[in-house]
Number of protein chains: 4
Amino acid sequence: VSSQLFDGVFGTTAVVAATDDAAIIDALCEAETALARACTRAGVIELPAALEIAAACDAVRRTDPADLARRSVSGGNPVIPLVAQLRGYLDERDARDAARAVHFGATSQDILDTALMLVASRALGVIVADLAECGSAIARLAAEHRDTPMSARTLLQQAVATSFGALATVWGTGIDGAASRLRTVRDALPVQLGGAAGTLAPLHPHGLAIRAAFADELDLADPQRVWHGDRTPITELAGALGSAAAALGKVAGDIVLLAQSEVGELREGAPGGSSSMAHKQNAIAAVTARAAAAQAPGLVATLLAAGSPELQRGAGSWHAEWPALIALLRFVGGAASRLWVCLGGLSVDVEAMRANLARLDGSVDIDDLGHAADLVDRYLERRAP
Amino acid sequence: VSSQLFDGVFGTTAVVAATDDAAIIDALCEAETALARACTRAGVIELPAALEIAAACDAVRRTDPADLARRSVSGGNPVIPLVAQLRGYLDERDARDAARAVHFGATSQDILDTALMLVASRALGVIVADLAECGSAIARLAAEHRDTPMSARTLLQQAVATSFGALATVWGTGIDGAASRLRTVRDALPVQLGGAAGTLAPLHPHGLAIRAAFADELDLADPQRVWHGDRTPITELAGALGSAAAALGKVAGDIVLLAQSEVGELREGAPGGSSSMAHKQNAIAAVTARAAAAQAPGLVATLLAAGSPELQRGAGSWHAEWPALIALLRFVGGAASRLWVCLGGLSVDVEAMRANLARLDGSVDIDDLGHAADLVDRYLERRAP
Amino acid sequence: VSSQLFDGVFGTTAVVAATDDAAIIDALCEAETALARACTRAGVIELPAALEIAAACDAVRRTDPADLARRSVSGGNPVIPLVAQLRGYLDERDARDAARAVHFGATSQDILDTALMLVASRALGVIVADLAECGSAIARLAAEHRDTPMSARTLLQQAVATSFGALATVWGTGIDGAASRLRTVRDALPVQLGGAAGTLAPLHPHGLAIRAAFADELDLADPQRVWHGDRTPITELAGALGSAAAALGKVAGDIVLLAQSEVGELREGAPGGSSSMAHKQNAIAAVTARAAAAQAPGLVATLLAAGSPELQRGAGSWHAEWPALIALLRFVGGAASRLWVCLGGLSVDVEAMRANLARLDGSVDIDDLGHAADLVDRYLERRAP
Amino acid sequence: VSSQLFDGVFGTTAVVAATDDAAIIDALCEAETALARACTRAGVIELPAALEIAAACDAVRRTDPADLARRSVSGGNPVIPLVAQLRGYLDERDARDAARAVHFGATSQDILDTALMLVASRALGVIVADLAECGSAIARLAAEHRDTPMSARTLLQQAVATSFGALATVWGTGIDGAASRLRTVRDALPVQLGGAAGTLAPLHPHGLAIRAAFADELDLADPQRVWHGDRTPITELAGALGSAAAALGKVAGDIVLLAQSEVGELREGAPGGSSSMAHKQNAIAAVTARAAAAQAPGLVATLLAAGSPELQRGAGSWHAEWPALIALLRFVGGAASRLWVCLGGLSVDVEAMRANLARLDGSVDIDDLGHAADLVDRYLERRAP
């Protein structure tokens, strides 16, 4: 595995487990199994053949990624050798009908796009759960510090008084909004099924029914169209992940700023040390959340640029999506995971907030923060079930 | 004006008119007027003062952009000098109450964010209209060429037979989806109103009512929150524009490929010439649509990177949004405009499609494209009102 | 891209003057003139014809950009109508030989690429001068504060003692390095001359001599090759501008951080005010320098993505370079200009530095900063002529 | 980033081996060893201690990356636990002096930056070698097809005649230039040594001598400065890799276009098949080279955006460089590797070139391509040793 070393630092461990080679190969096998079952539901494949295909998929799903990688080179994707492997497995067992029925009517992109949507859906499950935890932690901070006065800073200069609760509502609306949008995007992640030319020709006239059943088998959406050449599902996912990264980076960045030695209003529960300075108390979870989130804009740009494939299947742009999408899922998940750690242990120095605010002496009445409290109340109301 | 020279080439003329200096200054003045009216509705400003503010805004909206630009430098945004100019105008006319009431309770970012949302809303009006025209033109092509056989190309190699109508449905779902998503995003574009620290303090306890009225006056959404520090409205708009650019670039790119000399299946109505070759028939509208669309991924990345502002107002990230958002609106609009020109005059060489398909001799039955026709029918049904 | 309104804020005024429509049209005309003179030097065009071409170029260089923009649409670039205009001008004056000799052997891309290199060269002149001023201002700060103790901050936490002079050397090496690299890149900016197919066919066998003379006339480099399809001159320029933006953003960001209310170690000479808070002292020049620099990464990505043109001339990627290159020059220049303003008036609060450092009580000996002083001395030595 | 499955497809296998966890941990250990040796040369550490440190580094370099990853989380980088591990190892062996001397005067960033420069240097060795092979293959094509007529295509329309050799010179100058620039950048890759605050304080007054020796031990450059806060070495490396990716993508893209079914002028030696179409002959090496190259612009943008670290050490921007730099090295190397495979087996259909050119009937004289031959000759001369 090529880079485990930084998985912990960037918090990507959980999403990596949902997006690593084993997860992708699993998803490819699930897609082939689901296609066979969908064909059975449409009467295009006999049930015994579908069952044998399912067994074959189960058998080959623990294939060595490095070996599959080598066999993928000549055709440019892992589906071609995987299908050959499935057919070989079934041929060896004299399951001729099943061997013929494997990958029925499908093209490599059908299986790979579908598998990546499965992988994305599961990764989003992890990401959304972490975002929800972040959102809850922020809501607790907002409630607890509804009336805690602090200085607002605009352009990084002290402005006027606010409350820490009011700042937390800004964090929370960003995080809650990101989670909500990612849930919507996840629920719309579609299967792909079009066949060689994107016309569902080999499945005609059962194509639409098979696609619906295929989606149902995998708990993905039926896209009502072939999207080999219309990458909206990928570009919208990319955009939503990019927005989420920005929202995560915002909170992490604010915590880094408020934890500065000279500000001292926030402090992580387990600040990071240093290889050369014993006294350092780095807001390391927030720092690494920022670093993970900072990977997103470039990766989103890569996916958008890949969003204009040539004719019926992109000559490189399709392939370009795979590593960028996987990396984007991982780093957004990593940022969410690190921020959750950060928020979970965050301590708030109410006295430091008051002391910093006192520099604005006389310019504000820190006892009257009713307006800020109102914002907190409304935010908490909107979050209430 | 700094770069009119390429506006025609990139098709940005119409969106430039909706996003140029005059449009922005107009929007700033409209925002100040609307704020005064909203305060009047809440009983915070007397009606005569609001009327005088409206008149002042009308008077200063033709201010010279270069002059306002110079006066914007010291504070870093045009709202500060514009507000000073409005107050000066009213003071000169002895409208003291109105002078005091100008920009009531607001901060620069309230007015500038709101003005840019107004500008974006209007630019999106132009963009969505052009996308809708592109969508209609594509639907006509799909209907007309429901049964026109052509070769599908995957990885830019001939694959199997499809119909040109089926390819058009792929174009159409991308374009229609982009238009639909941009309409949704446009309807959610919010006003900004938070005051100096984002707590609506100076408007307390009328802040929420004034924000609702402010939104109503400008026909923008009430965001139900202060988003000085939560840039989701910008990052979601950026993502949707990025997706739209990908969909536009897809269609334009396909047309460029199908218009190649050796393919010859499509031809623009008014192909471009050359300064050195009299015989050239460049698919120039499609070429320039691609070029405009290609600006998007980088600009989206800029806006996403700016989406994590520091504390209550970004120290540079806020400012960084302005040119990137304006450029993104212009180039996506430019791509849509150029593609519309391209599609409007597109001629389809049915014989060339057949002749190219014949290279796949024997491998397909070009008389049976019922599957492709089905896709076209369903696409047209979904589009029907 | 057409927005005077923000030119002052982002400091782009001077580079805009070197890159606006008039500057580009001027450069196009200069390129046509220089080509004619180069052909004369090779004996391919008679001197009187070259002189008439030069006069025609002089006459049409004040053409209305909006009008030229309109005439550029059908061919997709401004060279086609400009050449037609030159020929028309000469035909009207019965200068038939000159009319035939205009644009001799060239293609649109020859003239437009060359003109943009001229424009880039001039813009780089402005940018490098501003970088040099920034470098000098930083060197003065380093010398003056060679022994001024301050706290180093790593991961935005106080670390150990350093001197402000030592921090200035980090700023200075970045800025000096950027200036040096941009000078190198500028000196290598080449003319383009290849003719319709990039083979110099119409100029054969004088093509290489004419290209050399063409470069000589314009004080650009002879690329020793045709680069219609090898965009290294653009991608290297983009990379160098991107590096410069990072170096500029670094200094500006540090100043924003050190000017925070709670840190208070630096202060701009003319800090920015606010539309709602009279006491604000924003480090506005640094803030807007950061915002300008933040445009660069996305624009560089756009230019790199455009760096793989199709065959003998890109079908969109070539056109995509124009606005991105112009914007990149402007914003890097803007960042340099704003940073110069910032540095020029920067005041250093030595007492605040000491006071902040005292928080690290006992952990360092602030009287022994000889190591930091050594770094400053060596930096100043390397800068000495 | 952890995905073996696509390594073969994207050609990254060799660069992955130079940049994987084992390679990074090796480099970290080499850096610690070299630092100890450099300190010995300056008389700061006794030789026996340095030898024991070297032995300890040898012993721990096979540490499990997953375990080191877990221990890296709390401090945010792998150097902190690695140093602790080295000290523990030496303490266990009663090598107290050596335990104290480990990591002498250094900070985590010194070791990690240096290790990544070592890794980059080795990865560049692989990349430059592949680029050189590509360059040689292209030069052979240019020589062989010096006089092979083909049609030039501008904006993807046939223009006038050229030779395939002339096109190859454009490919070659791009690839040769990229290799040359990467060699220059590689030779300048520096060690990092600054200590906790970047002042070399703990090594004073031997810091400069130790840094020079440190560079000498590792065969890296002495940067003559501390670059914790001046990321020019990274941003210049990123820019050069981005340029190389563009040059690689250019050649790969041209081959994909010339291999189109309807053009048929080039054909890969081992074209890729399909999971659904037996007759497909995909230019799969070129297609995947494009896909690898397409990752570069976004990754370069990420590295440029990280190039403005906060004060003495970036609070996230430093960490953000690690995955982006590693990915960028891998994908540029992958593109070079895949292109080499593509070029190695490329077959040229001279008859197809002539037949396509004949479509331009009468407009050119294909027997007189002396101008194109001249370009080839000069290109080959410049390449000659």
# chains A, B, ... in the order shown; residues from 1 in each chain; ligands from 1
$ calpha_fit_rmsd --fixed "chain A" --moving "chain D"
0.5 Å
$ interface_residues --of "chain B" --to "chain C" --cutoff "7 Å" --atoms "only C-alpha atoms" --output "ChimeraX atom specification"
/B:1-9,20-21,65-66,68-70,72-77,80,106-108,196,272-276,284,287-288,290-292,294-295,298-299,301-302,315-317,319-320,327
$ select_by_dssp --residues "stretch 157-354 of chain B" --states "strand (DSSP E or B)" --output "PyMOL selection string"
chain B and resi 157-163+190+221+266-267+272+282+313+347-348
$ write_last_selection --atoms "N, CA and C atoms" --output "mmCIF file, in the first residue's frame"
data_model
loop_
_atom_site.group_PDB
_atom_site.id
_atom_site.type_symbol
_atom_site.label_atom_id
_atom_site.label_comp_id
_atom_site.auth_asym_id
_atom_site.auth_seq_id
_atom_site.Cartn_x
_atom_site.Cartn_y
_atom_site.Cartn_z
ATOM 1 N N GLN B 157 -11.960 5.703 -30.322
ATOM 2 C CA GLN B 157 -11.957 4.645 -31.340
ATOM 3 C C GLN B 157 -13.393 4.273 -31.641
ATOM 4 N N GLN B 158 -13.658 3.975 -32.904
ATOM 5 C CA GLN B 158 -15.005 3.526 -33.237
ATOM 6 C C GLN B 158 -15.364 2.303 -32.412
ATOM 7 N N ALA B 159 -16.574 2.321 -31.900
ATOM 8 C CA ALA B 159 -17.009 1.239 -31.021
ATOM 9 C C ALA B 159 -18.084 0.419 -31.739
ATOM 10 N N VAL B 160 -19.338 0.772 -31.550
ATOM 11 C CA VAL B 160 -20.439 0.115 -32.251
ATOM 12 C C VAL B 160 -21.389 1.222 -32.686
ATOM 13 N N ALA B 161 -22.470 0.827 -33.329
ATOM 14 C CA ALA B 161 -23.404 1.822 -33.849
ATOM 15 C C ALA B 161 -24.243 2.431 -32.748
ATOM 16 N N THR B 162 -24.550 3.687 -32.931
ATOM 17 C CA THR B 162 -25.531 4.380 -32.108
ATOM 18 C C THR B 162 -26.283 5.293 -33.058
ATOM 19 N N SER B 163 -27.062 6.220 -32.517
ATOM 20 C CA SER B 163 -27.661 7.223 -33.399
ATOM 21 C C SER B 163 -27.170 8.587 -32.941
ATOM 22 N N PRO B 190 -28.695 34.535 -1.389
ATOM 23 C CA PRO B 190 -29.220 35.282 -0.242
ATOM 24 C C PRO B 190 -28.688 36.715 -0.157
ATOM 25 N N ALA B 221 -32.995 35.655 -1.453
ATOM 26 C CA ALA B 221 -33.459 34.807 -0.350
ATOM 27 C C ALA B 221 -33.009 35.375 0.998
ATOM 28 N N LEU B 266 -20.255 16.811 -38.567
ATOM 29 C CA LEU B 266 -20.921 18.056 -38.192
ATOM 30 C C LEU B 266 -20.168 19.225 -38.803
ATOM 31 N N ARG B 267 -20.862 20.329 -38.957
ATOM 32 C CA ARG B 267 -20.253 21.533 -39.519
ATOM 33 C C ARG B 267 -21.000 22.732 -38.970
ATOM 34 N N GLY B 272 -15.194 29.347 -38.933
ATOM 35 C CA GLY B 272 -14.208 30.413 -38.897
ATOM 36 C C GLY B 272 -13.144 30.251 -39.961
ATOM 37 N N ASN B 282 -13.038 26.316 -39.639
ATOM 38 C CA ASN B 282 -12.901 25.985 -38.227
ATOM 39 C C ASN B 282 -14.240 26.016 -37.504
ATOM 40 N N ARG B 313 -14.558 37.908 9.526
ATOM 41 C CA ARG B 313 -14.486 38.401 8.130
ATOM 42 C C ARG B 313 -13.092 38.094 7.612
ATOM 43 N N SER B 347 -24.883 22.002 -38.986
ATOM 44 C CA SER B 347 -25.450 21.104 -39.996
ATOM 45 C C SER B 347 -24.873 19.713 -39.815
ATOM 46 N N VAL B 348 -25.718 18.737 -40.031
ATOM 47 C CA VAL B 348 -25.395 17.336 -39.767
ATOM 48 C C VAL B 348 -25.267 16.631 -41.108
#
$ select_by_dssp --residues "stretch 43-245 of chain B" --states "helix (DSSP H, G or I)" --output "PyMOL selection string"
chain B and resi 47-60+65-72+79-92+96-101+108-144+164-187+201-203+207-218+232-245
$ residues_around --residues "stretch 165-169 of chain B" --least-positions-apart "4" --cutoff "8 Å" --atoms "only C-alpha atoms" --output "list in words"
Thr199, Leu311 and Gln312 of chain A; Ile138, Ala139, Leu141, Ala142, Ala143, Glu144, His145, Arg146, Asp147, Thr148, Thr173, Ala372, Ala373, Leu375, Val376 and Tyr379 of chain B
$ write_last_selection --atoms "N, CA, C and O atoms" --output "PDB file, in the first residue's frame"
ATOM      1  N   THR A 199     -26.086   2.826 -25.394  1.00  0.00           N
ATOM      2  CA  THR A 199     -27.474   2.776 -25.889  1.00  0.00           C
ATOM      3  C   THR A 199     -28.268   1.638 -25.262  1.00  0.00           C
ATOM      4  O   THR A 199     -29.409   1.417 -25.622  1.00  0.00           O
ATOM      5  N   LEU A 311     -16.882  12.311 -26.706  1.00  0.00           N
ATOM      6  CA  LEU A 311     -17.917  11.477 -27.326  1.00  0.00           C
ATOM      7  C   LEU A 311     -18.480  10.421 -26.367  1.00  0.00           C
ATOM      8  O   LEU A 311     -18.893  10.762 -25.269  1.00  0.00           O
ATOM      9  N   GLN A 312     -18.468   9.142 -26.780  1.00  0.00           N
ATOM     10  CA  GLN A 312     -19.185   8.154 -25.958  1.00  0.00           C
ATOM     11  C   GLN A 312     -18.405   7.663 -24.742  1.00  0.00           C
ATOM     12  O   GLN A 312     -18.963   7.025 -23.849  1.00  0.00           O
TER      13      GLN A 312
ATOM     14  N   ILE B 138     -30.557  21.343 -28.752  1.00  0.00           N
ATOM     15  CA  ILE B 138     -30.131  19.945 -28.674  1.00  0.00           C
ATOM     16  C   ILE B 138     -31.338  19.013 -28.781  1.00  0.00           C
ATOM     17  O   ILE B 138     -31.288  17.982 -29.470  1.00  0.00           O
ATOM     18  N   ALA B 139     -32.421  19.389 -28.124  1.00  0.00           N
ATOM     19  CA  ALA B 139     -33.625  18.550 -28.199  1.00  0.00           C
ATOM     20  C   ALA B 139     -34.123  18.453 -29.633  1.00  0.00           C
ATOM     21  O   ALA B 139     -34.571  17.392 -30.078  1.00  0.00           O
ATOM     22  N   LEU B 141     -32.246  18.629 -32.284  1.00  0.00           N
ATOM     23  CA  LEU B 141     -31.324  17.706 -32.961  1.00  0.00           C
ATOM     24  C   LEU B 141     -31.657  16.261 -32.605  1.00  0.00           C
ATOM     25  O   LEU B 141     -31.628  15.370 -33.465  1.00  0.00           O
ATOM     26  N   ALA B 142     -31.944  16.027 -31.343  1.00  0.00           N
ATOM     27  CA  ALA B 142     -32.242  14.660 -30.911  1.00  0.00           C
ATOM     28  C   ALA B 142     -33.481  14.132 -31.618  1.00  0.00           C
ATOM     29  O   ALA B 142     -33.515  12.982 -32.084  1.00  0.00           O
ATOM     30  N   ALA B 143     -34.519  14.990 -31.703  1.00  0.00           N
ATOM     31  CA  ALA B 143     -35.761  14.557 -32.346  1.00  0.00           C
ATOM     32  C   ALA B 143     -35.531  14.299 -33.828  1.00  0.00           C
ATOM     33  O   ALA B 143     -35.954  13.278 -34.379  1.00  0.00           O
ATOM     34  N   GLU B 144     -34.827  15.244 -34.443  1.00  0.00           N
ATOM     35  CA  GLU B 144     -34.613  15.124 -35.883  1.00  0.00           C
ATOM     36  C   GLU B 144     -33.745  13.923 -36.225  1.00  0.00           C
ATOM     37  O   GLU B 144     -33.932  13.269 -37.257  1.00  0.00           O
ATOM     38  N   HIS B 145     -32.794  13.618 -35.368  1.00  0.00           N
ATOM     39  CA  HIS B 145     -31.841  12.545 -35.676  1.00  0.00           C
ATOM     40  C   HIS B 145     -32.011  11.341 -34.767  1.00  0.00           C
ATOM     41  O   HIS B 145     -31.074  10.604 -34.520  1.00  0.00           O
ATOM     42  N   ARG B 146     -33.288  11.172 -34.367  1.00  0.00           N
ATOM     43  CA  ARG B 146     -33.648  10.008 -33.548  1.00  0.00           C
ATOM     44  C   ARG B 146     -33.171   8.715 -34.183  1.00  0.00           C
ATOM     45  O   ARG B 146     -32.714   7.792 -33.502  1.00  0.00           O
ATOM     46  N   ASP B 147     -33.214   8.626 -35.478  1.00  0.00           N
ATOM     47  CA  ASP B 147     -32.904   7.366 -36.159  1.00  0.00           C
ATOM     48  C   ASP B 147     -31.712   7.486 -37.098  1.00  0.00           C
ATOM     49  O   ASP B 147     -31.516   6.653 -37.971  1.00  0.00           O
ATOM     50  N   THR B 148     -30.913   8.529 -36.918  1.00  0.00           N
ATOM     51  CA  THR B 148     -29.747   8.702 -37.797  1.00  0.00           C
ATOM     52  C   THR B 148     -28.580   7.891 -37.265  1.00  0.00           C
ATOM     53  O   THR B 148     -28.034   8.203 -36.215  1.00  0.00           O
ATOM     54  N   THR B 173     -28.960  16.007 -21.518  1.00  0.00           N
ATOM     55  CA  THR B 173     -29.137  15.797 -20.068  1.00  0.00           C
ATOM     56  C   THR B 173     -28.100  16.601 -19.294  1.00  0.00           C
ATOM     57  O   THR B 173     -28.392  17.117 -18.217  1.00  0.00           O
ATOM     58  N   ALA B 372     -31.542   2.853 -29.270  1.00  0.00           N
ATOM     59  CA  ALA B 372     -31.145   4.251 -29.252  1.00  0.00           C
ATOM     60  C   ALA B 372     -32.368   5.156 -29.384  1.00  0.00           C
ATOM     61  O   ALA B 372     -32.476   6.185 -28.707  1.00  0.00           O
ATOM     62  N   ALA B 373     -33.278   4.771 -30.229  1.00  0.00           N
ATOM     63  CA  ALA B 373     -34.497   5.569 -30.402  1.00  0.00           C
ATOM     64  C   ALA B 373     -35.294   5.635 -29.103  1.00  0.00           C
ATOM     65  O   ALA B 373     -35.856   6.677 -28.760  1.00  0.00           O
ATOM     66  N   LEU B 375     -34.088   5.664 -26.122  1.00  0.00           N
ATOM     67  CA  LEU B 375     -33.439   6.652 -25.254  1.00  0.00           C
ATOM     68  C   LEU B 375     -33.861   8.066 -25.631  1.00  0.00           C
ATOM     69  O   LEU B 375     -34.105   8.911 -24.776  1.00  0.00           O
ATOM     70  N   VAL B 376     -33.930   8.292 -26.948  1.00  0.00           N
ATOM     71  CA  VAL B 376     -34.332   9.615 -27.418  1.00  0.00           C
ATOM     72  C   VAL B 376     -35.773   9.909 -26.994  1.00  0.00           C
ATOM     73  O   VAL B 376     -36.069  11.000 -26.479  1.00  0.00           O
ATOM     74  N   TYR B 379     -35.976  10.732 -23.335  1.00  0.00           N
ATOM     75  CA  TYR B 379     -35.383  12.048 -23.073  1.00  0.00           C
ATOM     76  C   TYR B 379     -36.365  13.149 -23.469  1.00  0.00           C
ATOM     77  O   TYR B 379     -36.580  14.113 -22.724  1.00  0.00           O
TER      78      TYR B 379
END
$ atom_distance --atom1 "atom CA of B:Leu86" --atom2 "atom CA of B:Phe214"
19.0 Å
$ atom_distance --atom1 "atom CA of A:Arg211" --atom2 "atom CA of A:Leu193"
6.2 Å
$ closest_residue --among "A:Ala115, A:Ile175, A:Val191, A:Ala352" --to "A:Arg383" --atoms "only C-alpha atoms"
A:Ile175
$ closest_residue --among "D:Leu218, D:Leu304, D:Arg382, D:Leu329" --to "C:Ala238" --atoms "only C-alpha atoms"
D:Leu304
$ residues_around --residues "D:Ala179" --least-positions-apart "3" --cutoff "6 Å" --atoms "only C-alpha atoms" --output "number ranges by chain"
D: 128, 131, 176, 182
$ closest_residue --among "B:Val170, B:Ala137, B:Ile127, B:Leu200" --to "B:Leu241" --atoms "only C-alpha atoms"
B:Ile127
$ atom_distance --atom1 "atom CA of A:Gly198" --atom2 "atom CA of A:Gly229"
8.6 Å
$ residues_around --residues "C:Val102" --least-positions-apart "5" --cutoff "7 Å" --atoms "only C-alpha atoms" --output "list in words"
Ala36, Ile53 and Arg87 of chain C
